[in-house]
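> Before anything else, here's the structure in question.
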Amino acid sequence: MARFNSFLALFGGLLAVASASPAATASDPFSPAQIINALGVGLVKDINAFITLDSLTTNVISVNFDVKNPLPIELTLDSVSAVAGLNGTIFATFSHTFPAPGLVVPPLATKNSGIINNVMLPQGAEASLVIVPFGILDLPDTNANVRAFTVGGLFGTPIALDGLKQTAVPTNYTLELD
């Protein structure tokens with residue numbers, strides 16, 4: 001347990017130092033996103049995709065995902081944009097801003113994003129169905145605006161997490177054909 005607490009303290013300290021550095025970019029090895037990528041923490045626990053009959057003509061689905069907070073402090077997500085795919089092919093893209101105060105993720109906890117509509121399927125819905133049996137998605141480029149050290153979603157230190165990467169995120173596909 002002491003080893004895990006040391007990891008959390010180190011991760012939190014690195015996040016605080018990196019967020020204080022001026023103009024950190026996704027290519028900066030000390031940006032908060034690159035630190036998270038290097039540690040292999042992964043902030044998305046799982047994804048749920050909802051495909052309707054209309055999706056077959058609109059090429060639009062809805063998703064929700066569970067965000068895990070590995071830190072002993074509250075994190076609040078203000079917005080997120082992501083691309084998701086498999087084997088280097090992008091199958092879904094979206095941008096979403098959470099209503100105030102944001103998506104509040106308690107310390108050392110997991111929180112669901114709620115339904116996010118208008119997730120675009122650039123390959124088309126029919127072509128995207130081939131990934132359903134795999135039950136996973138890769139997130140090769142996720143950008144999130146978060147605030148650390150929030151209290152009930154208020155205040156906090158803003159941190160841009162640009163260029164988050166995560167592979168093999170467990171994904172559940174629900175076909176709503178009513």
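Lettering and numbering for the structure tokens are positional, with chains as A, B, ... in the shown order, residues counted from 1 in each chain, and ligands counted from 1 in the shown order.
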Please list as an NGL selection string every residue within 7 Å of A:Val80, counting only C-alpha atoms and excluding residues in the same chain fewer than 3 positions away.

:A and (95-97 or 143-145)

> Could you pull out the alpha helix (DSSP H) residues of stretch 16-174 of chain A, going by DSSP on the backbone, and write them as an MDAnalysis selection string?

chainID A and resid 16:20 32:39 55:58 125:128

> Skipping near chain neighbours, those fewer than 4 positions away, what residues fall within 9 Å of A:Val169 using only C-alpha atoms, listed as a list in words?

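My reading of the contact set: Gly42, Val44, Lys45, Asp46, Ile47, Gly135, Ile136, Leu137, Asp138 and Leu139 of chain A.
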
> Convert the current residue selection to file output with all heavy atoms, as a short mmCIF file (atom, residue, chain, number, x, y, z; two decimals), in the first residue's frame.


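result-v2.cif, freshly written:
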```
data_model
loop_
_atom_site.label_atom_id
_atom_site.label_comp_id
_atom_site.auth_asym_id
_atom_site.auth_seq_id
_atom_site.Cartn_x
_atom_site.Cartn_y
_atom_site.Cartn_z
N GLY A 42 -3.87 5.74 -18.08
CA GLY A 42 -5.14 5.62 -18.78
C GLY A 42 -6.30 6.11 -17.94
O GLY A 42 -6.59 5.55 -16.90
N VAL A 44 -9.52 6.49 -19.07
CA VAL A 44 -10.80 5.93 -19.48
C VAL A 44 -10.83 4.45 -19.08
O VAL A 44 -10.01 3.66 -19.54
CB VAL A 44 -11.04 6.09 -21.00
CG1 VAL A 44 -12.37 5.46 -21.41
CG2 VAL A 44 -11.01 7.56 -21.37
N LYS A 45 -11.79 4.10 -18.24
CA LYS A 45 -11.90 2.72 -17.75
C LYS A 45 -12.60 1.84 -18.78
O LYS A 45 -12.18 0.71 -19.03
CB LYS A 45 -12.67 2.68 -16.44
CG LYS A 45 -12.83 1.31 -15.87
CD LYS A 45 -13.62 1.34 -14.57
CE LYS A 45 -13.88 -0.08 -14.11
NZ LYS A 45 -15.01 -0.13 -13.20
N ASP A 46 -13.69 2.34 -19.36
CA ASP A 46 -14.42 1.59 -20.37
C ASP A 46 -15.32 2.53 -21.17
O ASP A 46 -15.53 3.67 -20.78
CB ASP A 46 -15.24 0.46 -19.76
CG ASP A 46 -16.16 0.94 -18.65
OD1 ASP A 46 -16.83 1.97 -18.81
OD2 ASP A 46 -16.22 0.27 -17.60
N ILE A 47 -15.80 2.02 -22.30
CA ILE A 47 -16.63 2.80 -23.22
C ILE A 47 -17.88 2.00 -23.53
O ILE A 47 -17.83 0.77 -23.69
CB ILE A 47 -15.87 3.09 -24.54
CG1 ILE A 47 -14.57 3.86 -24.27
CG2 ILE A 47 -16.77 3.84 -25.53
CD1 ILE A 47 -13.63 3.91 -25.46
N GLY A 135 -14.52 -5.90 -29.06
CA GLY A 135 -14.84 -5.44 -27.70
C GLY A 135 -13.83 -4.48 -27.10
O GLY A 135 -13.78 -4.34 -25.88
N ILE A 136 -13.03 -3.84 -27.94
CA ILE A 136 -12.05 -2.85 -27.45
C ILE A 136 -11.97 -1.71 -28.46
O ILE A 136 -12.34 -1.86 -29.61
CB ILE A 136 -10.64 -3.44 -27.25
CG1 ILE A 136 -10.11 -4.03 -28.57
CG2 ILE A 136 -10.61 -4.45 -26.12
CD1 ILE A 136 -8.65 -4.44 -28.52
N LEU A 137 -11.45 -0.58 -27.98
CA LEU A 137 -11.12 0.55 -28.83
C LEU A 137 -9.81 1.15 -28.37
O LEU A 137 -9.50 1.14 -27.17
CB LEU A 137 -12.21 1.63 -28.76
CG LEU A 137 -13.46 1.43 -29.61
CD1 LEU A 137 -14.51 2.48 -29.26
CD2 LEU A 137 -13.12 1.47 -31.09
N ASP A 138 -9.06 1.68 -29.30
CA ASP A 138 -7.86 2.45 -28.98
C ASP A 138 -8.25 3.92 -29.03
O ASP A 138 -9.09 4.33 -29.82
CB ASP A 138 -6.75 2.20 -30.00
CG ASP A 138 -6.26 0.76 -29.99
OD1 ASP A 138 -6.35 0.11 -28.93
OD2 ASP A 138 -5.81 0.28 -31.05
N LEU A 139 -7.62 4.71 -28.16
CA LEU A 139 -7.82 6.16 -28.14
C LEU A 139 -6.47 6.80 -28.48
O LEU A 139 -5.69 7.13 -27.58
CB LEU A 139 -8.31 6.61 -26.76
CG LEU A 139 -9.61 5.95 -26.27
CD1 LEU A 139 -9.91 6.36 -24.84
CD2 LEU A 139 -10.76 6.29 -27.19
#
```

> Residues within 10 Å of A:Phe149, please, as a PyMOL selection string. Count only C-alpha atoms; anything in the same chain fewer than 4 positions from it doesn't count.

chain A and resi 71-76+107+153-158

> Restrict the selected residues to N, CA and C atoms and save them as a PDB file, in the first residue's frame.


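The new file out05.pdb reads:
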```pdb
ATOM      1  N   LEU A  71      -5.912   9.668  -8.597  1.00  0.00           N
ATOM      2  CA  LEU A  71      -5.297  10.597  -7.641  1.00  0.00           C
ATOM      3  C   LEU A  71      -6.142  10.769  -6.383  1.00  0.00           C
ATOM      4  N   PRO A  72      -5.509  11.141  -5.276  1.00  0.00           N
ATOM      5  CA  PRO A  72      -6.254  11.381  -4.037  1.00  0.00           C
ATOM      6  C   PRO A  72      -6.816  12.805  -3.960  1.00  0.00           C
ATOM      7  N   ILE A  73      -7.076  13.397  -5.121  1.00  0.00           N
ATOM      8  CA  ILE A  73      -7.668  14.738  -5.213  1.00  0.00           C
ATOM      9  C   ILE A  73      -8.822  14.681  -6.200  1.00  0.00           C
ATOM     10  N   GLU A  74      -9.756  15.604  -6.078  1.00  0.00           N
ATOM     11  CA  GLU A  74     -10.871  15.660  -7.020  1.00  0.00           C
ATOM     12  C   GLU A  74     -10.406  16.243  -8.348  1.00  0.00           C
ATOM     13  N   LEU A  75     -10.866  15.649  -9.441  1.00  0.00           N
ATOM     14  CA  LEU A  75     -10.629  16.164 -10.781  1.00  0.00           C
ATOM     15  C   LEU A  75     -11.971  16.502 -11.405  1.00  0.00           C
ATOM     16  N   THR A  76     -12.023  17.566 -12.199  1.00  0.00           N
ATOM     17  CA  THR A  76     -13.239  17.932 -12.914  1.00  0.00           C
ATOM     18  C   THR A  76     -12.911  18.105 -14.388  1.00  0.00           C
ATOM     19  N   PRO A 107     -11.890  11.764  -5.674  1.00  0.00           N
ATOM     20  CA  PRO A 107     -10.566  11.149  -5.499  1.00  0.00           C
ATOM     21  C   PRO A 107     -10.656   9.624  -5.517  1.00  0.00           C
ATOM     22  N   GLY A 153     -16.515  20.364  -7.914  1.00  0.00           N
ATOM     23  CA  GLY A 153     -16.471  20.843  -9.289  1.00  0.00           C
ATOM     24  C   GLY A 153     -16.143  22.312  -9.433  1.00  0.00           C
ATOM     25  N   LEU A 154     -15.975  23.000  -8.318  1.00  0.00           N
ATOM     26  CA  LEU A 154     -15.675  24.435  -8.367  1.00  0.00           C
ATOM     27  C   LEU A 154     -14.186  24.684  -8.158  1.00  0.00           C
ATOM     28  N   PHE A 155     -13.750  25.800  -8.642  1.00  0.00           N
ATOM     29  CA  PHE A 155     -12.365  26.261  -8.490  1.00  0.00           C
ATOM     30  C   PHE A 155     -11.411  25.288  -9.173  1.00  0.00           C
ATOM     31  N   GLY A 156     -10.248  25.083  -8.638  1.00  0.00           N
ATOM     32  CA  GLY A 156      -9.285  24.136  -9.175  1.00  0.00           C
ATOM     33  C   GLY A 156      -8.265  24.762 -10.099  1.00  0.00           C
ATOM     34  N   THR A 157      -7.253  23.976 -10.395  1.00  0.00           N
ATOM     35  CA  THR A 157      -6.156  24.383 -11.269  1.00  0.00           C
ATOM     36  C   THR A 157      -6.400  23.818 -12.662  1.00  0.00           C
ATOM     37  N   PRO A 158      -6.581  24.688 -13.672  1.00  0.00           N
ATOM     38  CA  PRO A 158      -6.826  24.185 -15.038  1.00  0.00           C
ATOM     39  C   PRO A 158      -5.587  23.506 -15.614  1.00  0.00           C
TER      40      PRO A 158
END
```

> For A:Lys68, work out the shell of residues within 7 Å, counting only C-alpha atoms and skipping chain neighbours fewer than 2 positions away, then give it as a VMD selection string.

chain A and resid 43 to 45 66 70 109 to 111

> Check the smallest atom-to-atom distance from each of A:Leu164, A:Asn172, A:Leu177, A:Pro99 to A:Ser31 using only C-alpha atoms, then report the winner.

A:Leu164

> So that each row is one residue of stretch 114-146 of chain A with an atom at most 10 Å from stretch 49-58 of chain A, can you give its shortest atom pair and the distance in Å to one decimal, using only C-alpha atoms, rows by chain and rising number, as CSV?


```
residue,atom,partner,partner_atom,distance
A:Ile115,CA,A:Phe50,CA,9.3
A:Ile116,CA,A:Ala49,CA,9.6
A:Asn117,CA,A:Phe50,CA,9.5
A:Asn118,CA,A:Thr58,CA,9.7
A:Val119,CA,A:Ala49,CA,9.4
A:Met120,CA,A:Thr58,CA,8.7
A:Leu121,CA,A:Thr58,CA,8.9
A:Gly124,CA,A:Leu56,CA,7.7
A:Ala125,CA,A:Leu56,CA,5.2
A:Glu126,CA,A:Leu56,CA,6.4
A:Ala127,CA,A:Leu56,CA,9.8
A:Ser128,CA,A:Leu56,CA,9.9
A:Leu129,CA,A:Ile51,CA,9.4
A:Val132,CA,A:Ala49,CA,9.7
```

> Write out as a PyMOL selection string all residues of stretch 128-172 of chain A that backbone DSSP assigns to strand (DSSP E or B).

chain A and resi 136-148+151+154+157-172

> For atom CA of A:Asp78 and atom CA of A:Val146, determine how far apart the two atoms are, in Å to one decimal place.

5.6 Å

> Rounded to one decimal in Å, what is the spacing between atom CA of A:Val130 and atom CA of A:Lys165?

22.3 Å

> Counting only C-alpha atoms, figure out which residue out of A:Phe94, A:Phe134, A:Tyr173, A:Phe65 gets nearest to A:Ser81.

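Ranked by minimum distance to A:Ser81, first place goes to A:Phe94.
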
> Between A:Arg147, A:Gln166, A:Ser113, A:Thr142, which has the minimum distance to A:Ala82 (counting only C-alpha atoms)?

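Counting only C-alpha atoms, the residue closest to A:Ala82 is A:Thr142.
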
> Out of A:Asn48, A:Asn59, A:Asn69, A:Thr167, which residue has the shortest atom-to-atom distance to A:Asn87 when counting only C-alpha atoms?

A:Thr167

> Kindly indicate which residue among A:Leu103, A:Val83, A:Ile159, A:Leu77 lies nearest to A:Pro122, using only C-alpha atoms for the distances.

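Looking only at the distances to A:Pro122, the closest residue turns out to be A:Val83.
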
> Could you work out how far atom CA of A:Val104 lies from atom CA of A:Thr150, giving the answer in Å with one decimal?

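Rounded to one decimal, the two atoms are 8.3 Å apart.
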